[in-house]
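Coordinates from final13.pdb are shown below (PDB, C-alpha atoms and all ligand atoms).
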ATOM      1  CA  MET A   1     -35.769 102.495 -17.866  1.00  0.00           C
ATOM      2  CA  PRO A   2     -37.039 106.102 -17.977  1.00  0.00           C
ATOM      3  CA  ILE A   3     -40.215 106.937 -16.063  1.00  0.00           C
ATOM      4  CA  LYS A   4     -42.229 109.490 -18.007  1.00  0.00           C
ATOM      5  CA  PRO A   5     -44.164 112.214 -16.208  1.00  0.00           C
ATOM      6  CA  PHE A   6     -47.947 111.955 -16.289  1.00  0.00           C
ATOM      7  CA  ILE A   7     -49.507 115.405 -16.544  1.00  0.00           C
ATOM      8  CA  PRO A   8     -53.313 115.282 -16.284  1.00  0.00           C
ATOM      9  CA  GLU A   9     -55.198 117.515 -18.696  1.00  0.00           C
ATOM     10  CA  LYS A  10     -58.185 117.610 -16.355  1.00  0.00           C
ATOM     11  CA  LEU A  11     -58.832 116.975 -12.664  1.00  0.00           C
ATOM     12  CA  VAL A  12     -62.365 115.729 -12.028  1.00  0.00           C
ATOM     13  CA  PRO A  13     -63.938 115.474  -8.553  1.00  0.00           C
ATOM     14  CA  ALA A  14     -65.454 112.061  -7.844  1.00  0.00           C
ATOM     15  CA  ALA A  15     -69.206 111.851  -7.290  1.00  0.00           C
ATOM     16  CA  GLN A  16     -68.781 109.749  -4.148  1.00  0.00           C
ATOM     17  CA  SER A  17     -65.896 109.632  -1.690  1.00  0.00           C
ATOM     18  CA  LEU A  18     -65.265 108.600   1.901  1.00  0.00           C
ATOM     19  CA  ASP A  19     -64.784 111.297   4.518  1.00  0.00           C
ATOM     20  CA  ILE A  20     -61.765 109.600   6.113  1.00  0.00           C
ATOM     21  CA  TYR A  21     -58.021 110.301   6.171  1.00  0.00           C
ATOM     22  CA  SER A  22     -56.019 108.602   3.427  1.00  0.00           C
ATOM     23  CA  ALA A  23     -52.691 109.331   1.779  1.00  0.00           C
ATOM     24  CA  TRP A  24     -54.563 108.538  -1.442  1.00  0.00           C
ATOM     25  CA  ARG A  25     -56.797 111.617  -1.140  1.00  0.00           C
ATOM     26  CA  GLY A  26     -56.502 113.805  -4.263  1.00  0.00           C
ATOM     27  CA  LEU A  27     -55.593 111.003  -6.640  1.00  0.00           C
ATOM     28  CA  GLU A  28     -59.262 110.323  -7.360  1.00  0.00           C
ATOM     29  CA  LEU A  29     -59.209 113.550  -9.398  1.00  0.00           C
ATOM     30  CA  THR A  30     -56.920 111.909 -11.958  1.00  0.00           C
ATOM     31  CA  ILE A  31     -58.917 108.706 -12.597  1.00  0.00           C
ATOM     32  CA  PRO A  32     -61.067 109.982 -15.518  1.00  0.00           C
ATOM     33  CA  ASP A  33     -58.004 111.357 -17.316  1.00  0.00           C
ATOM     34  CA  ILE A  34     -56.061 108.106 -16.817  1.00  0.00           C
ATOM     35  CA  LEU A  35     -58.993 106.102 -18.189  1.00  0.00           C
ATOM     36  CA  SER A  36     -59.422 108.246 -21.281  1.00  0.00           C
ATOM     37  CA  ARG A  37     -55.701 108.828 -21.962  1.00  0.00           C
ATOM     38  CA  PHE A  38     -54.834 105.132 -21.904  1.00  0.00           C
ATOM     39  CA  GLY A  39     -58.097 103.741 -23.316  1.00  0.00           C
ATOM     40  CA  VAL A  40     -59.026 101.793 -20.185  1.00  0.00           C
ATOM     41  CA  ALA A  41     -62.486 100.194 -20.196  1.00  0.00           C
ATOM     42  CA  THR A  42     -64.639 100.491 -17.079  1.00  0.00           C
ATOM     43  CA  GLY A  43     -65.870  96.956 -16.482  1.00  0.00           C
ATOM     44  CA  SER A  44     -63.616  95.604 -13.765  1.00  0.00           C
ATOM     45  CA  CYS A  45     -61.034  96.833 -11.271  1.00  0.00           C
ATOM     46  CA  ILE A  46     -58.960  94.914  -8.726  1.00  0.00           C
ATOM     47  CA  GLU A  47     -57.285  96.596  -5.781  1.00  0.00           C
ATOM     48  CA  PHE A  48     -54.538  95.117  -3.598  1.00  0.00           C
ATOM     49  CA  GLY A  49     -54.486  97.213  -0.422  1.00  0.00           C
ATOM     50  CA  VAL A  50     -57.907  98.511   0.583  1.00  0.00           C
ATOM     51  CA  GLU A  51     -57.215  99.503   4.205  1.00  0.00           C
ATOM     52  CA  PHE A  52     -60.235 101.660   5.186  1.00  0.00           C
ATOM     53  CA  GLY A  53     -61.530 101.930   1.618  1.00  0.00           C
ATOM     54  CA  TYR A  54     -60.672 105.432   0.397  1.00  0.00           C
ATOM     55  CA  SER A  55     -59.196 104.395  -2.959  1.00  0.00           C
ATOM     56  CA  THR A  56     -61.662 101.495  -3.298  1.00  0.00           C
ATOM     57  CA  VAL A  57     -64.599 103.911  -3.169  1.00  0.00           C
ATOM     58  CA  ALA A  58     -62.800 106.260  -5.552  1.00  0.00           C
ATOM     59  CA  PHE A  59     -62.578 103.459  -8.128  1.00  0.00           C
ATOM     60  CA  SER A  60     -66.188 102.395  -7.494  1.00  0.00           C
ATOM     61  CA  ASN A  61     -67.322 105.655  -9.132  1.00  0.00           C
ATOM     62  CA  TYR A  62     -65.965 104.478 -12.472  1.00  0.00           C
ATOM     63  CA  PHE A  63     -66.043 100.660 -12.647  1.00  0.00           C
ATOM     64  CA  ASP A  64     -68.975  98.255 -12.828  1.00  0.00           C
ATOM     65  CA  LYS A  65     -67.214  96.031 -10.287  1.00  0.00           C
ATOM     66  CA  VAL A  66     -64.330  96.624  -7.868  1.00  0.00           C
ATOM     67  CA  VAL A  67     -62.679  93.646  -6.138  1.00  0.00           C
ATOM     68  CA  GLY A  68     -60.741  94.631  -3.002  1.00  0.00           C
ATOM     69  CA  ILE A  69     -58.034  92.366  -1.550  1.00  0.00           C
ATOM     70  CA  ASP A  70     -56.532  93.012   1.890  1.00  0.00           C
ATOM     71  CA  LEU A  71     -55.585  91.213   5.078  1.00  0.00           C
ATOM     72  CA  PHE A  72     -57.309  94.125   6.909  1.00  0.00           C
ATOM     73  CA  VAL A  73     -54.759  94.017   9.734  1.00  0.00           C
ATOM     74  CA  GLY A  74     -52.312  96.711   8.589  1.00  0.00           C
ATOM     75  CA  ASP A  75     -48.603  96.236   7.953  1.00  0.00           C
ATOM     76  CA  ILE A  76     -45.174  97.657   8.872  1.00  0.00           C
ATOM     77  CA  ASN A  77     -45.933 100.894   6.970  1.00  0.00           C
ATOM     78  CA  THR A  78     -49.459 101.601   8.247  1.00  0.00           C
ATOM     79  CA  ASP A  79     -50.345 103.484  11.437  1.00  0.00           C
ATOM     80  CA  HIS A  80     -53.268 101.192  12.172  1.00  0.00           C
ATOM     81  CA  LYS A  81     -52.483  97.663  13.325  1.00  0.00           C
ATOM     82  CA  GLY A  82     -55.224  95.175  14.179  1.00  0.00           C
ATOM     83  CA  ASP A  83     -58.159  93.548  12.453  1.00  0.00           C
ATOM     84  CA  HIS A  84     -60.721  96.076  11.145  1.00  0.00           C
ATOM     85  CA  PHE A  85     -62.387  93.913   8.508  1.00  0.00           C
ATOM     86  CA  ARG A  86     -65.902  94.002   9.987  1.00  0.00           C
ATOM     87  CA  GLU A  87     -65.949  97.798  10.351  1.00  0.00           C
ATOM     88  CA  THR A  88     -64.511  98.315   6.863  1.00  0.00           C
ATOM     89  CA  ARG A  89     -66.948  95.855   5.305  1.00  0.00           C
ATOM     90  CA  ALA A  90     -69.822  97.659   7.036  1.00  0.00           C
ATOM     91  CA  ARG A  91     -68.560 101.076   5.815  1.00  0.00           C
ATOM     92  CA  LEU A  92     -68.258  99.883   2.225  1.00  0.00           C
ATOM     93  CA  SER A  93     -71.601  98.019   2.199  1.00  0.00           C
ATOM     94  CA  ALA A  94     -73.133 101.277   0.922  1.00  0.00           C
ATOM     95  CA  PHE A  95     -71.337 100.641  -2.389  1.00  0.00           C
ATOM     96  CA  PRO A  96     -72.906  97.545  -4.001  1.00  0.00           C
ATOM     97  CA  ASN A  97     -70.292  97.264  -6.763  1.00  0.00           C
ATOM     98  CA  ILE A  98     -67.468  96.717  -4.224  1.00  0.00           C
ATOM     99  CA  GLU A  99     -66.590  93.122  -3.287  1.00  0.00           C
ATOM    100  CA  LEU A 100     -64.088  92.663  -0.438  1.00  0.00           C
ATOM    101  CA  HIS A 101     -61.923  89.605   0.231  1.00  0.00           C
ATOM    102  CA  LYS A 102     -59.954  89.192   3.446  1.00  0.00           C
ATOM    103  CA  THR A 103     -56.938  87.373   2.103  1.00  0.00           C
ATOM    104  CA  SER A 104     -53.313  87.977   1.176  1.00  0.00           C
ATOM    105  CA  TYR A 105     -52.335  89.107  -2.313  1.00  0.00           C
ATOM    106  CA  GLN A 106     -50.109  86.008  -2.404  1.00  0.00           C
ATOM    107  CA  ASP A 107     -53.067  83.629  -1.998  1.00  0.00           C
ATOM    108  CA  TRP A 108     -55.265  85.640  -4.351  1.00  0.00           C
ATOM    109  CA  ILE A 109     -52.870  85.762  -7.303  1.00  0.00           C
ATOM    110  CA  ALA A 110     -52.127  82.042  -6.940  1.00  0.00           C
ATOM    111  CA  SER A 111     -55.700  81.194  -7.935  1.00  0.00           C
ATOM    112  CA  ASP A 112     -57.042  84.116 -10.027  1.00  0.00           C
ATOM    113  CA  ASP A 113     -56.462  84.032 -13.775  1.00  0.00           C
ATOM    114  CA  SER A 114     -58.951  86.801 -14.620  1.00  0.00           C
ATOM    115  CA  TYR A 115     -58.102  89.871 -16.665  1.00  0.00           C
ATOM    116  CA  TYR A 116     -59.075  93.292 -15.271  1.00  0.00           C
ATOM    117  CA  ASP A 117     -59.436  96.679 -16.923  1.00  0.00           C
ATOM    118  CA  LEU A 118     -57.519  98.311 -14.079  1.00  0.00           C
ATOM    119  CA  ALA A 119     -55.431  97.059 -11.146  1.00  0.00           C
ATOM    120  CA  HIS A 120     -54.196  99.090  -8.177  1.00  0.00           C
ATOM    121  CA  VAL A 121     -51.264  98.002  -6.015  1.00  0.00           C
ATOM    122  CA  ASP A 122     -51.027  99.685  -2.594  1.00  0.00           C
ATOM    123  CA  ILE A 123     -49.878  96.945  -0.194  1.00  0.00           C
ATOM    124  CA  VAL A 124     -46.881  96.809   2.150  1.00  0.00           C
ATOM    125  CA  HIS A 125     -44.234  98.984   0.480  1.00  0.00           C
ATOM    126  CA  THR A 126     -41.373  96.524   0.122  1.00  0.00           C
ATOM    127  CA  TYR A 127     -39.689  95.986  -3.251  1.00  0.00           C
ATOM    128  CA  ARG A 128     -40.255  92.225  -3.099  1.00  0.00           C
ATOM    129  CA  ASP A 129     -44.003  92.364  -2.387  1.00  0.00           C
ATOM    130  CA  THR A 130     -44.742  95.297  -4.672  1.00  0.00           C
ATOM    131  CA  PHE A 131     -42.830  93.690  -7.540  1.00  0.00           C
ATOM    132  CA  LYS A 132     -44.458  90.263  -7.107  1.00  0.00           C
ATOM    133  CA  CYS A 133     -47.981  91.672  -6.828  1.00  0.00           C
ATOM    134  CA  GLY A 134     -47.313  94.373  -9.418  1.00  0.00           C
ATOM    135  CA  LEU A 135     -45.962  92.014 -12.067  1.00  0.00           C
ATOM    136  CA  TRP A 136     -49.020  89.771 -11.703  1.00  0.00           C
ATOM    137  CA  ALA A 137     -51.218  92.887 -11.914  1.00  0.00           C
ATOM    138  CA  ALA A 138     -49.409  94.221 -14.994  1.00  0.00           C
ATOM    139  CA  GLN A 139     -49.880  90.838 -16.685  1.00  0.00           C
ATOM    140  CA  HIS A 140     -53.575  90.695 -15.757  1.00  0.00           C
ATOM    141  CA  SER A 141     -54.787  94.234 -16.466  1.00  0.00           C
ATOM    142  CA  THR A 142     -54.843  96.902 -19.156  1.00  0.00           C
ATOM    143  CA  CYS A 143     -53.571  99.514 -16.718  1.00  0.00           C
ATOM    144  CA  THR A 144     -51.849  99.004 -13.342  1.00  0.00           C
ATOM    145  CA  LEU A 145     -51.477 101.796 -10.786  1.00  0.00           C
ATOM    146  CA  PHE A 146     -48.852 101.793  -8.003  1.00  0.00           C
ATOM    147  CA  HIS A 147     -49.301 104.169  -5.059  1.00  0.00           C
ATOM    148  CA  ASP A 148     -46.368 105.729  -3.146  1.00  0.00           C
ATOM    149  CA  THR A 149     -43.830 105.922  -5.973  1.00  0.00           C
ATOM    150  CA  GLU A 150     -42.520 109.217  -4.521  1.00  0.00           C
ATOM    151  CA  SER A 151     -42.504 108.268  -0.838  1.00  0.00           C
ATOM    152  CA  PHE A 152     -41.019 104.775  -1.202  1.00  0.00           C
ATOM    153  CA  VAL A 153     -38.172 104.265  -3.664  1.00  0.00           C
ATOM    154  CA  ASP A 154     -38.782 100.507  -3.444  1.00  0.00           C
ATOM    155  CA  VAL A 155     -42.293 101.025  -4.830  1.00  0.00           C
ATOM    156  CA  ARG A 156     -40.971 103.224  -7.638  1.00  0.00           C
ATOM    157  CA  ASN A 157     -38.302 100.652  -8.557  1.00  0.00           C
ATOM    158  CA  ALA A 158     -40.781  97.769  -8.354  1.00  0.00           C
ATOM    159  CA  ALA A 159     -43.197  99.590 -10.688  1.00  0.00           C
ATOM    160  CA  ILE A 160     -40.400 100.239 -13.198  1.00  0.00           C
ATOM    161  CA  ASP A 161     -39.215  96.620 -13.043  1.00  0.00           C
ATOM    162  CA  ALA A 162     -42.747  95.196 -13.291  1.00  0.00           C
ATOM    163  CA  ALA A 163     -43.326  97.333 -16.389  1.00  0.00           C
ATOM    164  CA  ARG A 164     -40.068  96.121 -17.951  1.00  0.00           C
ATOM    165  CA  CYS A 165     -40.812  92.445 -17.215  1.00  0.00           C
ATOM    166  CA  ALA A 166     -44.360  92.793 -18.581  1.00  0.00           C
ATOM    167  CA  GLY A 167     -43.126  94.625 -21.697  1.00  0.00           C
ATOM    168  CA  LYS A 168     -45.066  97.781 -20.829  1.00  0.00           C
ATOM    169  CA  GLU A 169     -44.452 101.516 -20.385  1.00  0.00           C
ATOM    170  CA  VAL A 170     -44.420 103.341 -17.063  1.00  0.00           C
ATOM    171  CA  PHE A 171     -45.533 106.877 -16.233  1.00  0.00           C
ATOM    172  CA  ASN A 172     -45.444 108.729 -12.911  1.00  0.00           C
ATOM    173  CA  TYR A 173     -47.748 111.333 -11.378  1.00  0.00           C
ATOM    174  CA  PRO A 174     -45.752 112.928  -8.537  1.00  0.00           C
ATOM    175  CA  GLN A 175     -48.594 114.389  -6.425  1.00  0.00           C
ATOM    176  CA  HIS A 176     -50.098 112.753  -3.294  1.00  0.00           C
ATOM    177  CA  TYR A 177     -47.028 110.543  -2.636  1.00  0.00           C
ATOM    178  CA  GLY A 178     -46.810 109.440  -6.256  1.00  0.00           C
ATOM    179  CA  LEU A 179     -48.802 107.259  -8.596  1.00  0.00           C
ATOM    180  CA  GLY A 180     -47.046 104.939 -11.038  1.00  0.00           C
ATOM    181  CA  ILE A 181     -49.047 104.081 -14.150  1.00  0.00           C
ATOM    182  CA  VAL A 182     -48.096 100.944 -16.097  1.00  0.00           C
ATOM    183  CA  VAL A 183     -49.746 100.489 -19.470  1.00  0.00           C
ATOM    184  CA  GLY A 184     -49.134  98.399 -22.565  1.00  0.00           C
TER
HETATM  185  C1  LIG A 201     -51.245 101.756   2.459  1.00  0.00           C
HETATM  186  S1  LIG A 201     -52.553 100.711   2.959  1.00  0.00           S
HETATM  187  C2  LIG A 201     -53.750 100.894   1.645  1.00  0.00           C
HETATM  188  C3  LIG A 201     -54.360 102.270   1.594  1.00  0.00           C
HETATM  189  C4  LIG A 201     -55.591 102.407   0.740  1.00  0.00           C
HETATM  190  N1  LIG A 201     -55.351 102.068  -0.646  1.00  0.00           N
HETATM  191  C5  LIG A 201     -56.198 103.789   0.830  1.00  0.00           C
HETATM  192  O1  LIG A 201     -56.835 104.246  -0.111  1.00  0.00           O
HETATM  193  O2  LIG A 201     -56.067 104.455   1.870  1.00  0.00           O
HETATM  194  C6  LIG A 201     -51.849  99.125   2.717  1.00  0.00           C
HETATM  195  C7  LIG A 201     -52.762  97.949   2.993  1.00  0.00           C
HETATM  196  O3  LIG A 201     -52.134  96.776   2.463  1.00  0.00           O
HETATM  197  C8  LIG A 201     -52.503  95.668   3.262  1.00  0.00           C
HETATM  198  N2  LIG A 201     -51.541  94.594   3.043  1.00  0.00           N
HETATM  199  C9  LIG A 201     -50.231  94.564   3.407  1.00  0.00           C
HETATM  200  N3  LIG A 201     -49.673  93.405   3.024  1.00  0.00           N
HETATM  201  C10 LIG A 201     -50.628  92.683   2.405  1.00  0.00           C
HETATM  202  C11 LIG A 201     -50.655  91.392   1.790  1.00  0.00           C
HETATM  203  N4  LIG A 201     -49.580  90.594   1.771  1.00  0.00           N
HETATM  204  N5  LIG A 201     -51.807  90.976   1.223  1.00  0.00           N
HETATM  205  C12 LIG A 201     -52.917  91.762   1.248  1.00  0.00           C
HETATM  206  N6  LIG A 201     -52.947  92.996   1.837  1.00  0.00           N
HETATM  207  C13 LIG A 201     -51.820  93.448   2.398  1.00  0.00           C
HETATM  208  C14 LIG A 201     -52.524  96.210   4.671  1.00  0.00           C
HETATM  209  O4  LIG A 201     -53.357  95.427   5.508  1.00  0.00           O
HETATM  210  C15 LIG A 201     -53.044  97.647   4.460  1.00  0.00           C
HETATM  211  O5  LIG A 201     -54.424  97.726   4.713  1.00  0.00           O
END
Mind converting the file's structure to structure tokens?
Amino acid sequence: MPIKPFIPEKLVPAAQSLDIYSAWRGLELTIPDILSRFGVATGSCIEFGVEFGYSTVAFSNYFDKVVGIDLFVGDINTDHKGDHFRETRARLSAFPNIELHKTSYQDWIASDDSYYDLAHVDIVHTYRDTFKCGLWAAQHSTCTLFHDTESFVDVRNAAIDAARCAGKEVFNYPQHYGLGIVVG
């Protein structure tokens, strides 16, 4: 299945962002163009993989509500290992439209049947986990984003396969480690 390039027509700085390191930094510039290009409404967003909250805060600029799902302990791909939920919750308490849940994506998708305007998948970068979470996300959102499509071939392949199984198209923005965009 071909992956089409996504070329933003505009890059728009976000009003609010966290002053912390994140591989996601720079992708916030593309959010307004993604929303307008693919006709994504701005009511609700769900994110799988919050870590310290960089991308979560980026999305909070544009959505009425952002639900963040993470174990908050890191994984085999992250530098940080160990529980940082309390610190992260305190840091993000300045953003009242962000709701954090300390749980696995596996437990969350087993009980949530909601539909979201946008979903973001940025969990452990295995094919199996990214595909399982990403397929659920593609079936429960207008637009699903996958981070690290350039740095992890398993993420790229999982995004392509999730799009195929959901009957959707997939685009790729190659900057900042790659952002897959799955839309119907
Ligand atoms: C690459 S980081 C997310 C980075 C973040 N999006 C940012 O803007 O910097 C991946 C996160 O996925 C979380 N994670 C890994 N496996 C998970 C799982 N099964 N369920 C929920 N979260 C998971 C880790 O705890 C880690 O915080």
(request) Have a look at A:Gly74, A:Gly134, A:Gly178, A:Gly39 and name the one nearest to ligand LIG 201 (chain A); count only C-alpha atoms and all ligand atoms. (result)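 Among the listed residues, A:Gly74 lies closest to ligand LIG 201 (chain A).
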(request) For segment 53-63 of chain A, work out the shell of residues within 7 Å, counting only C-alpha atoms and skipping chain neighbours fewer than 6 positions away, then give it as a list in words. (result) Ala14, Ala15, Gln16, Ser17, Leu18, Ser22, Trp24, Glu28, Thr42, Gly43, Ser44, Cys45, Asn97 and Ile98 of chain A
(request) For each of A:Ile181, A:Leu27, A:Cys165, A:Ile160, take the minimum atom-to-atom distance to Pro2 of chain A, counting only C-alpha atoms, then give the residue where this is smallest. (result)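 Nearest to Pro2 of chain A: A:Ile160.
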(request) Show me which residues sit within 8 Å of ligand LIG 201 (chain A) when counting all atoms listed in the file, and put them as a PyMOL selection string. (result) chain A and resi 21-25+47-56+69-75+77-78+102-106+121-125+129+147
Set the distance at 10 Å and use only C-alpha atoms: which residues neighbour Glu9 of chain A once local chain neighbours fewer than 6 positions away are removed? I'd like the list as a PDB file with C-alpha atoms, keeping the file's coordinate frame.
ATOM      1  CA  THR A  30     -56.920 111.909 -11.958  1.00  0.00           C
ATOM      2  CA  ASP A  33     -58.004 111.357 -17.316  1.00  0.00           C
ATOM      3  CA  ILE A  34     -56.061 108.106 -16.817  1.00  0.00           C
ATOM      4  CA  ARG A  37     -55.701 108.828 -21.962  1.00  0.00           C
TER       5      ARG A  37
END
(message) If I take atom CA of Gly184 of chain A and atom CA of Cys143 of chain A, how far is one from the other in Å, to one decimal?
(response)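 A separation of 7.4 Å between them.
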(message) As a check of understanding, name the residues that the PyMOL selection byres (((chain A and resi 115) around 9) and not hetatm) selects in the supplied structure, as a PyMOL selection string.
(response) chain A and resi 44+112-114+116-118+137+139-142
Can you give me, as an mmCIF file with C-alpha atoms, in the coordinates of the input, the residues this file yields under the PyMOL selection byres (((chain A and resi 154) around 7) and not hetatm)?
data_model
loop_
_atom_site.group_PDB
_atom_site.id
_atom_site.type_symbol
_atom_site.label_atom_id
_atom_site.label_comp_id
_atom_site.auth_asym_id
_atom_site.auth_seq_id
_atom_site.Cartn_x
_atom_site.Cartn_y
_atom_site.Cartn_z
ATOM 1 C CA HIS A 125 -44.234 98.984 0.480
ATOM 2 C CA THR A 126 -41.373 96.524 0.122
ATOM 3 C CA TYR A 127 -39.689 95.986 -3.251
ATOM 4 C CA PHE A 152 -41.019 104.775 -1.202
ATOM 5 C CA VAL A 153 -38.172 104.265 -3.664
ATOM 6 C CA VAL A 155 -42.293 101.025 -4.830
ATOM 7 C CA ARG A 156 -40.971 103.224 -7.638
ATOM 8 C CA ASN A 157 -38.302 100.652 -8.557
ATOM 9 C CA ALA A 158 -40.781 97.769 -8.354
#
(message) One number please: atom CA of Phe6 of chain A to atom CA of Tyr173 of chain A, in Å, one decimal.
(response)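 Distance between the two atoms: 5.0 Å.
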(request) Report the distance between atom CA of Ala163 of chain A and atom CA of Lys65 of chain A in Å, rounded to one decimal place. (result)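 If I compute the distance from atom CA of Ala163 of chain A to atom CA of Lys65 of chain A, I get 24.7 Å.
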(request) Check the smallest atom-to-atom distance from each of A:Gln175, A:Leu100, A:Glu169, A:Ala94 to Lys4 of chain A using only C-alpha atoms, then report the winner. (result)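 The closest residue to Lys4 of chain A is A:Glu169.
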(message) My list of candidates is A:Asp19, A:His101, A:Val170, A:Lys132. Which is closest to Arg86 of chain A when distances are computed with all atoms listed in the file?
(response)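 Answer, going by the shortest atom-to-atom distance: A:His101.
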(request) Could you check which of A:Leu145, A:Ala138, A:Ile46, A:Ile20 is closest to Lys168 of chain A, using all atoms listed in the file? (result) A:Ala138
Let me have the centre and edge lengths of the axis-aligned box enclosing all listed atoms of segment 36-53 of chain A with 6 Å padding on every side, in Å to one decimal, as lines of an AutoDock Vina configuration file.
center_x = -60.2
center_y = 101.9
center_z = -9.1
size_x = 23.4
size_y = 25.9
size_z = 40.5
(message) Measuring between all atoms listed in the file, which one of A:Phe146, A:Ala162, A:His80, A:Ala119 shows the shortest distance to Val40 of chain A?
(response)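 Among the listed residues, the smallest separation from Val40 of chain A belongs to A:Ala119.
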